[in-house]
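Written below as structure tokens is the structure these notes are about.
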Protein chains: 2
Amino acid sequence: MDDVKPYFHFGLSIDCVIFGFDQGELKILLIKRNEAPFYNTWALPGNLVHPQEELESAAVRILREIAGLEYIFLEQIRTFGEVNRHPLGRVITTAYCALINITKFHLIPGSLADRAEWVAVSDVKQLAFDHNNIFSACLSHLRHSIRTKPIGFELLPDKFTLSQLQDLYEAILQQSLDKRNFRKKILSMNILIDNKEQQKHVAHRPARLYEFDVTKYNKFLKEGFTFDL
Amino acid sequence: MDDVKPYFHFGLSIDCVIFGFDQGELKILLIKRNEAPFYNTWALPGNLVHPQEELESAAVRILREIAGLEYIFLEQIRTFGEVNRHPLGRVITTAYCALINITKFHLIPGSLADRAEWVAVSDVKQLAFDHNNIFSACLSHLRHSIRTKPIGFELLPDKFTLSQLQDLYEAILQQSLDKRNFRKKILSMNILIDNKEQQKHVAHRPARLYEFDVTKYNKFLKEGFTFDL
DNA sequence: ATACTTGGTGTAAATATACCAATAAGTACA
DNA sequence: TGTACTTATTGGTATATTTACACCAAGTAT
């Protein structure tokens, strides 16, 4: 196998686009680099994959280091392999998209998180490497899949109001939706649990709180149900 | 950078799922391997990426070697990196999906193509490596995107009848569609050119031939048109 | 009690889908 | 030459789904 040796000099990294929804805005988590190359530049959280590590495990590791979260929504988006994308050699990177419920999220002090910051997707400036490309691929992917997969719930607290859900959709899709039609459609899917709870201490009529019913959703899936908003 | 050396021993390959539409059946191109590992086993066409080669160029190279085609529809699907997926070391592979118009396709003798064969997607048996996983990811992806992107036309001759188009959709989606509604919908999109040509020498009423109007489609796209079938 | 804020609801019109069937235009063959 | 055969093309209707649209409800703040 000596003839294939030159083919075994690729580096492999994982970069994560971590989305969160906060104050009605869609945000991503960026990290200010503290080493060369791109020292002091904002970048996506990422790292080299260990020789004996699964790709997804590497992504999970990155998320754990920053956010201490173990079980979060994670999806591979695509691989970026441009020959000169990394100044130190041929490093290809596989992008993962994560969706975080920020109410469960806490930066872990003393870790990568010390240099982390949530940035609204509309405020993302120049990033290190080809991270702007990676970011926009993930954002497009999110905009696309939010319509056909019930991933939006990952970004919300366990209990949420229909208005919050709609705000989330409007923030992601960058368009406003009709309130009545939105509610009609979501409710007709029968994938929300209504615990008869309400908001409290709000200066207006309190809204009902709902939960996403994963079990029911999975049962529906088997019957050929499609989520489509 | 000595400390990162162990991270630069990944191999990278490309595997292609090449779809063609023939005799009303959706098929993929498989190759019988003539070397270890998996000697004599059917596999997806693929190869190691050269150290200075772009990922997509590697995919294009593979397609050129087999089919002599330069400009074909090609899309990255996802990367498979399981630690033990390749017996010879840590080789991760990026899967590409290609759509081929088989009327323009000719196997190139003396090349990989000598060991190539079109196989109906329903007849795909055990493949080498994790190629069954790769194949099914690409097939799912095709089934999904055929509904929202006009990629179906890539699989047909330049001039085709509406029945052929419908047969293609039925073959990919594995369901039958209403003939009149299908035609109504496609024609109302205004993305087909009708050159007033007809089939010839068929033992029945000849069908009209249409062409896909790429220019018009792109113009529509800018206005926010969405292809949705 | 009044202003303020957000929550919650129904109906009519337009569009899309499911379903039905007769005629048209060729070739094959007797 | 004509008759059988095959697939193409077309219109209409009943039903389901999607869209557009405006007002009252239920709390807090003052």
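We label chains A, B, ... in the order they appear in the structure tokens, count residues from 1 in each chain, and number ligands from 1 in the order shown.
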Residues of chain A no more than 7 Å from chain D, counting only C-alpha atoms (C1' of nucleotides): send them over as an mmCIF file with C-alpha atoms, in the first residue's frame.
data_model
loop_
_atom_site.group_PDB
_atom_site.id
_atom_site.type_symbol
_atom_site.label_atom_id
_atom_site.label_comp_id
_atom_site.auth_asym_id
_atom_site.auth_seq_id
_atom_site.Cartn_x
_atom_site.Cartn_y
_atom_site.Cartn_z
ATOM 1 C CA VAL A 202 -47.463 39.436 31.494
ATOM 2 C CA ALA A 203 -49.013 42.832 30.887
ATOM 3 C CA HIS A 204 -51.617 41.510 28.526
ATOM 4 C CA ARG A 205 -53.867 38.576 28.020
ATOM 5 C CA PRO A 206 -51.775 35.495 28.928
#
* Starting from chain A, keep only residues with some atom at most 12 Å from an atom of chain C, counting only C-alpha atoms (C1' of nucleotides), and report them as number ranges by chain. => A: 161-164, 179-181, 183-184, 198-199, 202-209
So that I can see what lies close to B:Arg115, please list as a short mmCIF file (atom, residue, chain, number, x, y, z; two decimals) with N, CA and C atoms, in the first residue's frame the residues with an atom at most 8 Å from it, counting only C-alpha atoms (C1' of nucleotides) and leaving out residues fewer than 6 positions away in the same chain.
data_model
loop_
_atom_site.label_atom_id
_atom_site.label_comp_id
_atom_site.auth_asym_id
_atom_site.auth_seq_id
_atom_site.Cartn_x
_atom_site.Cartn_y
_atom_site.Cartn_z
N ILE B 31 -19.88 -0.62 -10.34
CA ILE B 31 -18.64 -1.14 -10.90
C ILE B 31 -18.20 -2.35 -10.11
N LYS B 32 -17.79 -3.36 -10.85
CA LYS B 32 -17.27 -4.55 -10.16
C LYS B 32 -15.80 -4.32 -9.87
N ARG B 33 -15.43 -4.35 -8.59
CA ARG B 33 -14.06 -4.05 -8.19
C ARG B 33 -13.09 -5.11 -8.71
#
Compute the set of chain A residues within 6 Å of chain B, using only C-alpha atoms, and express it as a tab-separated table (two decimals) with N, CA and C atoms, in the first residue's frame.
chain	number	residue	atom	x	y	z
A	7	TYR	N	-1.73	9.80	-0.39
A	7	TYR	CA	-3.16	10.07	-0.29
A	7	TYR	C	-3.63	10.11	1.17
A	8	PHE	N	-2.73	9.82	2.07
A	8	PHE	CA	-3.14	9.79	3.47
A	8	PHE	C	-2.58	10.94	4.28
A	9	HIS	N	-2.58	12.11	3.67
A	9	HIS	CA	-2.08	13.28	4.39
A	9	HIS	C	-3.12	14.38	4.51
A	10	PHE	N	-4.35	14.00	4.51
A	10	PHE	CA	-5.40	14.99	4.70
A	10	PHE	C	-5.64	15.19	6.20
A	11	GLY	N	-5.94	16.44	6.54
A	11	GLY	CA	-6.44	16.71	7.88
A	11	GLY	C	-7.94	16.83	7.80
A	54	GLU	N	-15.19	9.35	15.65
A	54	GLU	CA	-16.25	9.51	14.64
A	54	GLU	C	-16.51	10.98	14.39
A	78	ARG	N	-22.56	19.80	5.04
A	78	ARG	CA	-21.75	19.40	3.90
A	78	ARG	C	-20.27	19.57	4.22
A	82	GLU	N	-11.89	22.87	-0.25
A	82	GLU	CA	-11.07	23.64	-1.19
A	82	GLU	C	-9.59	23.47	-0.85
A	83	VAL	N	-8.77	23.31	-1.87
A	83	VAL	CA	-7.36	22.96	-1.67
A	83	VAL	C	-6.67	23.95	-0.73
* To do: Check stretch 7-177 of chain B with DSSP on the backbone and list each residue it calls alpha helix (DSSP H), as a ChimeraX atom specification.
  => /B:55-67,131-145,162-173
